[in-house]
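**Q** Following this line is coords13.cif, made up of mmCIF, C-alpha atoms (C1' of nucleotides):
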data_input
#
loop_
_atom_site.label_atom_id
_atom_site.label_comp_id
_atom_site.auth_asym_id
_atom_site.auth_seq_id
_atom_site.Cartn_x
_atom_site.Cartn_y
_atom_site.Cartn_z
CA MET R 1 -2.56 1.15 -35.56
CA SER R 2 -1.31 4.52 -36.76
CA ALA R 3 2.41 5.23 -36.86
CA ASP R 4 1.81 7.89 -34.22
CA ASN R 5 0.22 5.64 -31.65
CA HIS R 6 2.65 5.69 -28.79
CA LEU R 7 0.37 4.03 -26.29
CA ASN R 8 -0.39 0.73 -27.94
CA SER R 9 3.21 0.00 -28.80
CA PRO R 10 5.68 -2.81 -28.17
CA GLY R 11 7.40 -0.85 -25.42
CA PHE R 12 4.31 -0.18 -23.36
CA LEU R 13 3.00 -3.68 -24.06
CA ILE R 14 6.17 -5.18 -22.62
CA THR R 15 5.78 -3.05 -19.50
CA ASP R 16 2.18 -4.24 -19.18
CA ILE R 17 3.10 -7.86 -19.67
CA HIS R 18 5.89 -7.58 -17.13
CA ARG R 19 3.49 -6.22 -14.55
CA GLN R 20 0.82 -8.81 -15.26
CA MET R 21 3.36 -11.62 -15.01
CA ARG R 22 4.40 -10.31 -11.61
CA ARG R 23 0.79 -10.10 -10.51
CA VAL R 24 -0.01 -13.67 -11.52
CA TYR R 25 3.26 -14.97 -10.09
CA ALA R 26 2.68 -13.26 -6.75
CA HIS R 27 -0.83 -14.63 -6.64
CA ARG R 28 0.33 -18.18 -7.27
CA ALA R 29 3.39 -18.19 -5.05
CA GLU R 30 2.70 -19.12 -1.46
CA GLU R 31 3.80 -17.06 1.51
CA SER R 32 6.90 -19.16 1.80
CA ASP R 33 7.99 -18.75 -1.80
CA LEU R 34 10.45 -16.45 -3.44
CA THR R 35 10.18 -13.18 -5.32
CA PRO R 36 10.90 -13.41 -9.04
CA ALA R 37 14.35 -11.90 -8.65
CA GLN R 38 15.23 -14.24 -5.80
CA ALA R 39 13.94 -17.18 -7.82
CA LYS R 40 16.04 -16.28 -10.83
CA ALA R 41 19.19 -15.91 -8.74
CA LEU R 42 18.53 -19.22 -7.01
CA LEU R 43 18.04 -21.05 -10.31
CA ILE R 44 21.35 -19.76 -11.60
CA ILE R 45 23.14 -20.70 -8.39
CA ALA R 46 21.67 -24.18 -8.68
CA LYS R 47 23.30 -24.56 -12.07
CA ARG R 48 26.60 -23.07 -10.98
CA GLN R 49 27.35 -24.14 -7.47
CA GLY R 50 30.32 -22.25 -6.05
CA VAL R 51 29.91 -19.22 -8.29
CA LYS R 52 31.40 -15.91 -7.11
CA GLN R 53 29.08 -13.02 -6.29
CA LYS R 54 30.64 -10.88 -8.98
CA GLU R 55 30.12 -13.59 -11.58
CA LEU R 56 26.50 -13.91 -10.54
CA ALA R 57 25.97 -10.16 -10.82
CA ASP R 58 27.48 -10.26 -14.32
CA ILE R 59 25.23 -13.12 -15.40
CA LEU R 60 22.16 -11.31 -14.11
CA GLU R 61 23.39 -8.01 -15.55
CA ILE R 62 22.82 -6.22 -12.26
CA GLN R 63 25.10 -4.13 -10.08
CA PRO R 64 27.18 -5.93 -7.42
CA MET R 65 25.32 -4.06 -4.70
CA THR R 66 21.97 -5.28 -6.01
CA MET R 67 23.37 -8.79 -5.93
CA VAL R 68 24.49 -8.37 -2.32
CA LYS R 69 20.95 -7.56 -1.24
CA GLN R 70 19.37 -10.43 -3.10
CA LEU R 71 21.89 -12.84 -1.62
CA ASP R 72 21.26 -11.39 1.84
CA GLN R 73 17.59 -12.26 1.40
CA LEU R 74 18.33 -15.78 0.20
CA ALA R 75 20.81 -16.29 3.06
CA GLU R 76 18.22 -15.03 5.58
CA GLN R 77 15.82 -17.67 4.33
CA GLY R 78 18.58 -20.25 4.74
CA LEU R 79 18.72 -21.14 1.05
CA ILE R 80 22.34 -20.22 0.30
CA ILE R 81 25.60 -19.82 2.16
CA ARG R 82 28.60 -17.63 1.36
CA VAL R 83 31.83 -19.64 1.61
CA PRO R 84 35.19 -17.84 1.63
CA ASP R 85 37.06 -18.41 -1.62
CA PRO R 86 40.29 -20.23 -0.68
CA ASN R 87 42.01 -18.70 -3.72
CA ASP R 88 40.94 -15.10 -3.14
CA ARG R 89 40.35 -13.81 0.34
CA ARG R 90 38.25 -10.91 -0.98
CA ALA R 91 35.73 -13.22 -2.60
CA HIS R 92 32.90 -15.49 -1.51
CA LEU R 93 31.61 -18.57 -3.27
CA ILE R 94 27.87 -19.11 -3.22
CA HIS R 95 26.48 -22.54 -2.42
CA LEU R 96 22.97 -23.84 -2.02
CA THR R 97 21.97 -25.28 1.33
CA GLU R 98 20.09 -28.55 1.57
CA ASP R 99 16.92 -26.62 2.35
CA ALA R 100 17.00 -25.02 -1.09
CA GLY R 101 15.90 -28.14 -2.95
CA PRO R 102 12.17 -27.96 -2.31
CA TYR R 103 12.10 -24.21 -2.94
CA ILE R 104 13.74 -24.66 -6.31
CA LYS R 105 11.34 -27.40 -7.22
CA ARG R 106 8.31 -25.34 -6.26
CA VAL R 107 9.50 -22.21 -7.98
CA LYS R 108 10.32 -24.08 -11.18
CA LYS R 109 6.82 -25.42 -11.24
CA ILE R 110 5.24 -22.00 -10.76
CA ILE R 111 7.40 -20.46 -13.49
CA ASN R 112 6.77 -23.36 -15.87
CA THR R 113 3.03 -23.15 -15.44
CA LEU R 114 3.00 -19.38 -15.79
CA HIS R 115 4.93 -19.55 -19.04
CA LYS R 116 2.70 -22.27 -20.39
CA ASP R 117 -0.41 -20.32 -19.43
CA MET R 118 0.67 -17.01 -20.88
CA LEU R 119 1.75 -18.58 -24.18
CA GLN R 120 -1.26 -20.87 -24.52
CA ASP R 121 -2.70 -18.99 -27.51
CA LEU R 122 0.52 -19.34 -29.54
CA ASP R 123 1.25 -22.39 -31.66
CA GLU R 124 4.68 -23.94 -31.62
CA HIS R 125 5.97 -21.94 -34.54
CA GLU R 126 4.74 -18.68 -33.05
CA SER R 127 6.34 -19.48 -29.70
CA GLU R 128 9.68 -20.13 -31.33
CA GLN R 129 9.36 -16.98 -33.38
CA PHE R 130 8.45 -14.97 -30.29
CA PHE R 131 11.37 -16.37 -28.36
CA ARG R 132 13.74 -15.56 -31.19
CA LEU R 133 12.48 -11.99 -31.52
CA LEU R 134 12.73 -11.42 -27.77
CA ASN R 135 16.35 -12.51 -27.85
CA GLN R 136 17.12 -10.23 -30.77
CA ILE R 137 15.52 -7.24 -29.07
CA ARG R 138 17.26 -7.94 -25.79
CA ASP R 139 20.64 -8.18 -27.48
CA ARG R 140 20.03 -4.98 -29.39
CA LEU R 141 19.02 -3.12 -26.22
CA LEU R 142 22.27 -4.14 -24.58
CA THR R 143 24.13 -2.19 -27.25
CA LEU R 144 22.11 1.01 -26.70
CA MET L 1 17.44 -24.77 -25.37
CA SER L 2 16.10 -27.69 -23.34
CA ALA L 3 12.48 -27.76 -22.23
CA ASP L 4 13.74 -27.47 -18.68
CA ASN L 5 15.61 -24.22 -19.17
CA HIS L 6 13.80 -21.78 -16.95
CA LEU L 7 16.38 -19.06 -17.21
CA ASN L 8 16.46 -18.36 -20.89
CA SER L 9 12.71 -18.21 -21.25
CA PRO L 10 10.14 -15.72 -22.53
CA GLY L 11 9.24 -14.64 -19.01
CA PHE L 12 12.72 -13.77 -17.89
CA LEU L 13 13.50 -12.26 -21.28
CA ILE L 14 10.58 -9.89 -20.93
CA THR L 15 11.82 -8.86 -17.50
CA ASP L 16 15.27 -8.22 -18.95
CA ILE L 17 13.91 -6.23 -21.86
CA HIS L 18 11.75 -4.18 -19.53
CA ARG L 19 14.76 -3.28 -17.42
CA GLN L 20 16.94 -2.46 -20.40
CA MET L 21 14.24 -0.25 -21.89
CA ARG L 22 14.07 1.65 -18.63
CA ARG L 23 17.83 2.01 -18.55
CA VAL L 24 18.04 3.40 -22.08
CA TYR L 25 15.03 5.64 -21.55
CA ALA L 26 16.46 7.10 -18.35
CA HIS L 27 19.75 7.69 -20.07
CA ARG L 28 18.13 9.56 -22.95
CA ALA L 29 15.59 11.58 -20.97
CA GLU L 30 16.90 14.88 -19.71
CA GLU L 31 16.64 16.04 -16.10
CA SER L 32 13.45 17.87 -16.94
CA ASP L 33 11.74 14.91 -18.55
CA LEU L 34 9.23 12.46 -17.25
CA THR L 35 9.45 8.95 -15.91
CA PRO L 36 7.96 6.26 -18.17
CA ALA L 37 4.85 5.94 -16.02
CA GLN L 38 4.32 9.70 -15.95
CA ALA L 39 4.85 9.85 -19.70
CA LYS L 40 2.28 7.16 -20.36
CA ALA L 41 -0.31 8.84 -18.17
CA LEU L 42 0.33 12.19 -19.81
CA LEU L 43 -0.05 10.74 -23.31
CA ILE L 44 -3.41 9.26 -22.38
CA ILE L 45 -4.60 12.48 -20.80
CA ALA L 46 -3.58 14.31 -23.97
CA LYS L 47 -5.91 12.06 -25.96
CA ARG L 48 -8.73 12.30 -23.47
CA GLN L 49 -8.85 15.77 -22.02
CA GLY L 50 -11.25 15.95 -19.09
CA VAL L 51 -11.01 12.29 -18.19
CA LYS L 52 -11.85 11.26 -14.62
CA GLN L 53 -9.14 9.89 -12.36
CA LYS L 54 -10.97 6.62 -11.98
CA GLU L 55 -11.29 6.24 -15.74
CA LEU L 56 -7.59 6.89 -16.13
CA ALA L 57 -6.74 4.28 -13.53
CA ASP L 58 -8.93 1.78 -15.38
CA ILE L 59 -7.29 2.53 -18.72
CA LEU L 60 -3.85 2.11 -17.19
CA GLU L 61 -4.98 -0.96 -15.26
CA ILE L 62 -3.56 0.40 -12.02
CA GLN L 63 -5.10 0.99 -8.61
CA PRO L 64 -6.80 4.37 -8.00
CA MET L 65 -4.26 5.13 -5.30
CA THR L 66 -1.37 4.57 -7.67
CA MET L 67 -3.07 6.96 -10.07
CA VAL L 68 -3.37 9.59 -7.36
CA LYS L 69 0.37 9.59 -6.84
CA GLN L 70 1.22 9.78 -10.51
CA LEU L 71 -1.17 12.68 -10.95
CA ASP L 72 0.31 14.38 -7.87
CA GLN L 73 3.70 14.22 -9.57
CA LEU L 74 2.37 15.59 -12.85
CA ALA L 75 0.51 18.35 -11.02
CA GLU L 76 3.67 19.26 -9.08
CA GLN L 77 5.47 19.73 -12.38
CA GLY L 78 2.59 21.91 -13.53
CA LEU L 79 1.59 19.64 -16.41
CA ILE L 80 -1.98 18.83 -15.39
CA ILE L 81 -4.74 20.32 -13.28
CA ARG L 82 -7.60 18.64 -11.45
CA VAL L 83 -10.90 20.37 -12.17
CA PRO L 84 -13.98 19.56 -10.06
CA ASP L 85 -16.51 17.60 -12.08
CA PRO L 86 -19.69 19.75 -12.26
CA ASN L 87 -21.79 16.60 -12.55
CA ASP L 88 -20.26 14.68 -9.67
CA ARG L 89 -18.85 16.50 -6.69
CA ARG L 90 -16.77 13.45 -5.71
CA ALA L 91 -14.87 13.43 -8.96
CA HIS L 92 -12.13 15.45 -10.62
CA LEU L 93 -11.58 15.91 -14.31
CA ILE L 94 -7.97 15.93 -15.48
CA HIS L 95 -6.81 18.56 -17.93
CA LEU L 96 -3.46 19.35 -19.45
CA THR L 97 -1.94 22.75 -18.75
CA GLU L 98 -0.41 24.80 -21.53
CA ASP L 99 3.04 23.91 -20.24
CA ALA L 100 2.44 20.24 -21.05
CA GLY L 101 2.79 20.66 -24.81
CA PRO L 102 6.60 20.68 -25.07
CA TYR L 103 6.92 17.84 -22.56
CA ILE L 104 4.59 15.66 -24.59
CA LYS L 105 6.46 16.45 -27.75
CA ARG L 106 9.81 15.61 -26.20
CA VAL L 107 8.62 12.42 -24.59
CA LYS L 108 6.99 11.20 -27.78
CA LYS L 109 10.26 11.65 -29.58
CA ILE L 110 12.23 9.72 -26.97
CA ILE L 111 9.73 6.87 -26.99
CA ASN L 112 9.56 6.78 -30.77
CA THR L 113 13.31 6.62 -31.12
CA LEU L 114 13.65 3.98 -28.43
CA HIS L 115 11.08 1.77 -30.12
CA LYS L 116 12.72 2.21 -33.49
CA ASP L 117 16.14 1.42 -32.04
CA MET L 118 15.12 -1.67 -30.15
CA LEU L 119 13.23 -3.12 -33.12
CA GLN L 120 15.85 -2.24 -35.70
CA ASP L 121 16.82 -5.87 -36.36
CA LEU L 122 13.24 -6.90 -37.18
CA ASP L 123 11.80 -6.56 -40.66
CA GLU L 124 8.30 -5.21 -41.13
CA HIS L 125 6.65 -8.60 -41.07
CA GLU L 126 8.49 -9.61 -37.91
CA SER L 127 7.53 -6.35 -36.18
CA GLU L 128 3.88 -6.88 -36.97
CA GLN L 129 4.08 -10.48 -35.83
CA PHE L 130 5.81 -9.44 -32.62
CA PHE L 131 3.21 -6.78 -31.93
CA ARG L 132 0.40 -9.24 -32.53
CA LEU L 133 1.93 -11.87 -30.22
CA LEU L 134 2.51 -9.31 -27.47
CA ASN L 135 -1.14 -8.31 -27.60
CA GLN L 136 -2.26 -11.93 -27.46
CA ILE L 137 -0.06 -12.65 -24.45
CA ARG L 138 -1.13 -9.50 -22.65
CA ASP L 139 -4.81 -10.32 -23.17
CA ARG L 140 -4.29 -13.85 -21.97
CA LEU L 141 -2.47 -12.69 -18.85
CA LEU L 142 -5.39 -10.45 -17.96
CA THR L 143 -7.57 -13.56 -17.68
CA LEU L 144 -5.18 -15.35 -15.32
"C1'" DG U 1 -37.70 10.85 2.15
"C1'" DA U 2 -34.55 7.88 4.80
"C1'" DC U 3 -31.21 4.82 4.79
"C1'" DA U 4 -28.06 1.21 3.09
"C1'" DT U 5 -24.77 0.58 -0.25
"C1'" DA U 6 -21.58 1.95 -3.79
"C1'" DT U 7 -18.14 5.01 -5.72
"C1'" DA U 8 -14.22 8.82 -6.21
"C1'" DA U 9 -10.41 10.44 -4.25
"C1'" DT U 10 -6.86 10.22 -0.89
"C1'" DA U 11 -3.74 9.56 3.59
"C1'" DA U 12 -0.59 6.45 5.50
"C1'" DT U 13 2.28 2.78 4.94
"C1'" DC U 14 4.57 -1.01 2.66
"C1'" DC U 15 7.06 -3.86 -1.04
"C1'" DT U 16 10.22 -5.19 -4.98
"C1'" DA U 17 13.97 -4.39 -7.49
"C1'" DA U 18 16.74 -1.63 -9.09
"C1'" DC U 19 20.34 2.43 -8.62
"C1'" DT U 20 24.65 5.54 -6.85
"C1'" DT U 21 28.35 6.81 -3.87
"C1'" DA U 22 31.76 5.80 -0.78
"C1'" DC U 23 34.35 2.56 1.94
"C1'" DT U 24 37.37 -1.69 3.38
"C1'" DA U 25 40.10 -5.54 2.37
"C1'" DT U 26 42.81 -7.90 -0.68
"C1'" DA U 27 45.26 -8.89 -5.32
"C1'" DT U 28 48.24 -7.88 -8.86
"C1'" DG U 29 51.29 -5.69 -12.35
"C1'" DG U 30 55.16 -2.43 -12.92
"C1'" DC X 1 57.09 -1.50 -2.91
"C1'" DC X 2 53.56 0.83 -4.47
"C1'" DA X 3 49.79 2.18 -7.63
"C1'" DT X 4 45.87 0.46 -9.36
"C1'" DA X 5 42.19 -2.81 -9.79
"C1'" DT X 6 38.78 -5.89 -7.88
"C1'" DA X 7 35.26 -8.20 -4.40
"C1'" DG X 8 32.12 -7.20 -1.29
"C1'" DT X 9 29.29 -4.09 1.45
"C1'" DA X 10 27.01 0.12 4.15
"C1'" DA X 11 23.95 3.82 3.50
"C1'" DG X 12 20.68 6.04 1.15
"C1'" DT X 13 17.60 6.88 -3.04
"C1'" DT X 14 14.32 5.98 -6.76
"C1'" DA X 15 10.28 4.21 -9.61
"C1'" DG X 16 6.27 2.07 -9.66
"C1'" DG X 17 3.48 -0.56 -7.89
"C1'" DA X 18 0.36 -2.53 -3.65
"C1'" DT X 19 -3.08 -2.57 0.67
"C1'" DT X 20 -6.05 -0.70 4.17
"C1'" DA X 21 -8.90 2.64 5.95
"C1'" DT X 22 -11.19 7.27 5.68
"C1'" DT X 23 -14.07 11.08 3.86
"C1'" DA X 24 -17.38 12.96 0.84
"C1'" DT X 25 -20.84 12.27 -2.26
"C1'" DA X 26 -24.27 9.45 -5.25
"C1'" DT X 27 -27.72 6.24 -5.90
"C1'" DG X 28 -31.08 2.52 -5.50
"C1'" DT X 29 -34.75 0.58 -2.55
"C1'" DC X 30 -38.22 0.37 0.69
#
Mind turning this structure into structure tokens?

**A**
Amino acid sequence: MSADNHLNSPGFLITDIHRQMRRVYAHRAEESDLTPAQAKALLIIAKRQGVKQKELADILEIQPMTMVKQLDQLAEQGLIIRVPDPNDRRAHLIHLTEDAGPYIKRVKKIINTLHKDMLQDLDEHESEQFFRLLNQIRDRLLTL
Amino acid sequence: MSADNHLNSPGFLITDIHRQMRRVYAHRAEESDLTPAQAKALLIIAKRQGVKQKELADILEIQPMTMVKQLDQLAEQGLIIRVPDPNDRRAHLIHLTEDAGPYIKRVKKIINTLHKDMLQDLDEHESEQFFRLLNQIRDRLLTL
DNA sequence: GACATATAATAATCCTAACTTACTATATGG
DNA sequence: CCATATAGTAAGTTAGGATTATTATATGTC
């Protein structure tokens, strides 16, 4: 691993891993299931019923417009509804529908299994270490 | 960090890091520079002058058709040429043009700096550990 | 040698997940 | 009251992948 090897480097490895995760996820998710981005949004909404769109976009670190589209998709599938905010007529509060339950359950299972599978060669200490390093790198990138 | 926390997990962290890397890269690359995927392909071609398209696609673990498009883009920018393979009239060999040199140099610098910046909070041992774990996870994902 | 099968490249089309720019409606601080 | 800020959205773009089907050429088998 020479200092000049740009190809086998953390950056490109992360891109590879990201793509492989998507591939395996897509393969395991049924027709009726959610894309990774939809799944992530739905899991956050489940934890924060009544969140505003803007707050959601901030949590996900995406642009408001990107959020709009993801919520459109979730609404089309009948998994969320936008409720007018009684305290701010510009804003909408996002709520899960009753249909969302089974989707959330299924998607949690897929994600759980995927994580377990991809980390299966790491012992507990390595997993913790890896998780810690990922967080450090993510935080650092946010300052760049 | 409960065992049931799907949101702050290695998988989603990798997705975040991937997106942030792209953001910083795009911000640092000039108008005239290459996208990450183009850069990666070009760096491999530089190491393997005369490689076949199919071989390239295999190295990058992408579909042949995806390779075609990336090479179209590089050819449009005048950075590579497709030369008919004298030993196989179906195949093309990919060569760099003379114009490619400065692009490669610039892109290497951007990538190098980005990697250094994003890993700046890790000591040498942690970096090596991180690199090793990424490779393990990537290899495991390829079997799933 | 003929023919079935495999392989290299590509055309056409689609998908996910992001982005920017510009607009409307509503809040809010001087 | 008005200037400015904020929430949401319409329209359009981009990167980087995918699938399916087609053409040209190689290759193994009988």

**Q** Lay chain L over chain R using all C-alpha atoms, matched one to one in order, with a least-squares fit; then write it out as a compact mmCIF listing (two decimals) with C-alpha atoms, keeping the file's coordinate frame.

**A**
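Listing of result01.txt after writing:
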# COMPACT_ATOMS: atom_id res chain seq x y z
CA MET L 1 -2.85 1.41 -35.40
CA SER L 2 -1.40 4.67 -36.71
CA ALA L 3 2.35 5.20 -36.84
CA ASP L 4 1.88 7.89 -34.23
CA ASN L 5 0.28 5.67 -31.63
CA HIS L 6 2.74 5.66 -28.78
CA LEU L 7 0.43 4.02 -26.31
CA ASN L 8 -0.34 0.75 -27.96
CA SER L 9 3.25 -0.01 -28.83
CA PRO L 10 5.72 -2.82 -28.20
CA GLY L 11 7.44 -0.87 -25.43
CA PHE L 12 4.37 -0.20 -23.38
CA LEU L 13 3.05 -3.68 -24.09
CA ILE L 14 6.19 -5.20 -22.64
CA THR L 15 5.80 -3.07 -19.53
CA ASP L 16 2.20 -4.23 -19.20
CA ILE L 17 3.11 -7.87 -19.69
CA HIS L 18 5.90 -7.58 -17.15
CA ARG L 19 3.49 -6.20 -14.57
CA GLN L 20 0.83 -8.79 -15.28
CA MET L 21 3.36 -11.61 -15.02
CA ARG L 22 4.39 -10.30 -11.63
CA ARG L 23 0.78 -10.08 -10.53
CA VAL L 24 -0.02 -13.65 -11.53
CA TYR L 25 3.23 -14.96 -10.10
CA ALA L 26 2.65 -13.26 -6.76
CA HIS L 27 -0.86 -14.62 -6.66
CA ARG L 28 0.30 -18.18 -7.27
CA ALA L 29 3.38 -18.18 -5.05
CA GLU L 30 2.69 -19.14 -1.47
CA GLU L 31 3.80 -17.11 1.54
CA SER L 32 6.91 -19.23 1.80
CA ASP L 33 7.96 -18.79 -1.81
CA LEU L 34 10.43 -16.51 -3.43
CA THR L 35 10.16 -13.25 -5.30
CA PRO L 36 10.88 -13.46 -9.04
CA ALA L 37 14.32 -11.92 -8.63
CA GLN L 38 15.21 -14.28 -5.79
CA ALA L 39 13.93 -17.21 -7.82
CA LYS L 40 16.04 -16.30 -10.82
CA ALA L 41 19.18 -15.93 -8.74
CA LEU L 42 18.54 -19.23 -7.01
CA LEU L 43 18.04 -21.06 -10.31
CA ILE L 44 21.36 -19.76 -11.58
CA ILE L 45 23.16 -20.68 -8.39
CA ALA L 46 21.68 -24.17 -8.67
CA LYS L 47 23.32 -24.54 -12.08
CA ARG L 48 26.61 -23.05 -10.98
CA GLN L 49 27.36 -24.12 -7.45
CA GLY L 50 30.32 -22.22 -6.04
CA VAL L 51 29.92 -19.21 -8.28
CA LYS L 52 31.38 -15.89 -7.10
CA GLN L 53 29.08 -13.01 -6.25
CA LYS L 54 30.62 -10.85 -8.92
CA GLU L 55 30.12 -13.55 -11.54
CA LEU L 56 26.50 -13.88 -10.52
CA ALA L 57 25.96 -10.15 -10.80
CA ASP L 58 27.46 -10.23 -14.29
CA ILE L 59 25.25 -13.11 -15.38
CA LEU L 60 22.18 -11.31 -14.08
CA GLU L 61 23.38 -8.01 -15.53
CA ILE L 62 22.80 -6.22 -12.24
CA GLN L 63 25.07 -4.12 -10.05
CA PRO L 64 27.18 -5.94 -7.42
CA MET L 65 25.34 -4.07 -4.69
CA THR L 66 21.98 -5.25 -5.95
CA MET L 67 23.37 -8.78 -5.90
CA VAL L 68 24.47 -8.37 -2.30
CA LYS L 69 20.94 -7.58 -1.22
CA GLN L 70 19.37 -10.45 -3.10
CA LEU L 71 21.89 -12.85 -1.61
CA ASP L 72 21.25 -11.39 1.85
CA GLN L 73 17.58 -12.25 1.40
CA LEU L 74 18.33 -15.78 0.22
CA ALA L 75 20.78 -16.29 3.07
CA GLU L 76 18.20 -15.04 5.59
CA GLN L 77 15.81 -17.69 4.34
CA GLY L 78 18.58 -20.24 4.74
CA LEU L 79 18.74 -21.15 1.05
CA ILE L 80 22.35 -20.22 0.31
CA ILE L 81 25.61 -19.81 2.16
CA ARG L 82 28.62 -17.63 1.37
CA VAL L 83 31.85 -19.61 1.60
CA PRO L 84 35.20 -17.79 1.61
CA ASP L 85 37.06 -18.38 -1.63
CA PRO L 86 40.32 -20.20 -0.73
CA ASN L 87 42.00 -18.66 -3.77
CA ASP L 88 40.93 -15.07 -3.21
CA ARG L 89 40.35 -13.77 0.27
CA ARG L 90 38.23 -10.89 -1.07
CA ALA L 91 35.71 -13.19 -2.65
CA HIS L 92 32.89 -15.46 -1.52
CA LEU L 93 31.63 -18.54 -3.27
CA ILE L 94 27.88 -19.08 -3.22
CA HIS L 95 26.49 -22.51 -2.42
CA LEU L 96 22.99 -23.83 -2.03
CA THR L 97 21.99 -25.27 1.33
CA GLU L 98 20.12 -28.54 1.56
CA ASP L 99 16.94 -26.63 2.35
CA ALA L 100 17.00 -25.02 -1.10
CA GLY L 101 15.92 -28.15 -2.96
CA PRO L 102 12.16 -27.97 -2.32
CA TYR L 103 12.10 -24.22 -2.94
CA ILE L 104 13.73 -24.66 -6.32
CA LYS L 105 11.33 -27.40 -7.22
CA ARG L 106 8.31 -25.34 -6.26
CA VAL L 107 9.50 -22.21 -8.00
CA LYS L 108 10.30 -24.08 -11.19
CA LYS L 109 6.79 -25.42 -11.25
CA ILE L 110 5.23 -21.99 -10.77
CA ILE L 111 7.38 -20.47 -13.50
CA ASN L 112 6.75 -23.35 -15.88
CA THR L 113 3.01 -23.14 -15.44
CA LEU L 114 2.99 -19.37 -15.80
CA HIS L 115 4.92 -19.55 -19.05
CA LYS L 116 2.67 -22.26 -20.39
CA ASP L 117 -0.44 -20.30 -19.43
CA MET L 118 0.65 -17.00 -20.90
CA LEU L 119 1.73 -18.58 -24.19
CA GLN L 120 -1.27 -20.86 -24.52
CA ASP L 121 -2.70 -18.99 -27.52
CA LEU L 122 0.51 -19.34 -29.54
CA ASP L 123 1.23 -22.39 -31.67
CA GLU L 124 4.67 -23.96 -31.62
CA HIS L 125 5.96 -21.96 -34.55
CA GLU L 126 4.72 -18.70 -33.05
CA SER L 127 6.33 -19.50 -29.69
CA GLU L 128 9.67 -20.16 -31.32
CA GLN L 129 9.36 -17.00 -33.38
CA PHE L 130 8.45 -14.99 -30.29
CA PHE L 131 11.38 -16.40 -28.35
CA ARG L 132 13.75 -15.60 -31.19
CA LEU L 133 12.49 -12.01 -31.52
CA LEU L 134 12.74 -11.44 -27.78
CA ASN L 135 16.37 -12.54 -27.83
CA GLN L 136 17.14 -10.28 -30.77
CA ILE L 137 15.55 -7.27 -29.07
CA ARG L 138 17.27 -7.97 -25.77
CA ASP L 139 20.67 -8.23 -27.47
CA ARG L 140 20.07 -5.04 -29.38
CA LEU L 141 19.06 -3.17 -26.23
CA LEU L 142 22.30 -4.19 -24.57
CA THR L 143 24.18 -2.25 -27.25
CA LEU L 144 22.17 0.94 -26.72

**Q** Counting all atoms listed in the file, find the residues whose atoms lie at most 10 Å from (11.9, -16.6, -2.3) (file coordinates) and write them out as a tab-separated table (two decimals) with C-alpha atoms, in the coordinates of the input.

**A**
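Result written to part38.tsv:
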chain	number	residue	atom	x	y	z
R	29	ALA	CA	3.39	-18.19	-5.05
R	30	GLU	CA	2.70	-19.12	-1.46
R	31	GLU	CA	3.80	-17.06	1.51
R	32	SER	CA	6.90	-19.16	1.80
R	33	ASP	CA	7.99	-18.75	-1.80
R	34	LEU	CA	10.45	-16.45	-3.44
R	35	THR	CA	10.18	-13.18	-5.32
R	36	PRO	CA	10.90	-13.41	-9.04
R	37	ALA	CA	14.35	-11.90	-8.65
R	38	GLN	CA	15.23	-14.24	-5.80
R	39	ALA	CA	13.94	-17.18	-7.82
R	40	LYS	CA	16.04	-16.28	-10.83
R	41	ALA	CA	19.19	-15.91	-8.74
R	42	LEU	CA	18.53	-19.22	-7.01
R	70	GLN	CA	19.37	-10.43	-3.10
R	73	GLN	CA	17.59	-12.26	1.40
R	74	LEU	CA	18.33	-15.78	0.20
R	77	GLN	CA	15.82	-17.67	4.33
R	79	LEU	CA	18.72	-21.14	1.05
R	100	ALA	CA	17.00	-25.02	-1.09
R	103	TYR	CA	12.10	-24.21	-2.94
R	104	ILE	CA	13.74	-24.66	-6.31
R	107	VAL	CA	9.50	-22.21	-7.98

**Q** Using only C-alpha atoms (C1' of nucleotides), find which residues of chain R lie within 9 Å of chain U and jot them down as number ranges by chain.

**A** R: 35, 37, 62-63, 66, 88-90

**Q** Suppose a student applies the PyMOL selection byres ((chain L) within 8 of (chain R)) to this structure; what residues should they get, written as a PyMOL selection string?

**A** chain L and resi 6-7+9-11+13-18+20-21+24+40+43-44+108+111-112+115+117-119+121-122+126+130-131+133-138+140-142+144

**Q** Could you tell me, as a PyMOL selection string, exactly which residues end up selected when the PyMOL selection byres ((chain R and resi 81-87) around 10) is applied to this structure?

**A** chain R and resi 50-53+71-72+74-76+78-80+88-97

**Q** Please return, as a list in words, all residues of chain X lying within 8 Å of chain R when all atoms listed in the file are considered.

**A**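 In the required form, that comes to DA7, DG8 and DT9 of chain X.
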
**Q** Could you tell me how far atom CA of R:Glu98 sits from atom CA of R:Ile110, in Å to one decimal place?

**A**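 Atom CA of R:Ile110 sits 20.4 Å away from atom CA of R:Glu98.
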
**Q** Rounded to one decimal in Å, what is the spacing between atom CA of L:Arg48 and atom CA of L:Lys116?

**A**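 Taking atom CA of L:Arg48 and atom CA of L:Lys116, their separation equals 25.7 Å.
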
**Q** Can you work out the spacing between atom CA of L:Ile45 and atom CA of L:Asp58 in Å, to one decimal?

**A**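 Computing it gives 12.8 Å between the two atoms.
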
**Q** Work out where the centre of an axis-aligned box around every listed atom of stretch 93-105 of chain L lies and how long its edges are once 3 Å is added on each side; give both in Å to one decimal as lines of an AutoDock Vina configuration file.

**A**
center_x = -2.3
center_y = 20.2
center_z = -21.0
size_x = 24.5
size_y = 15.1
size_z = 19.4
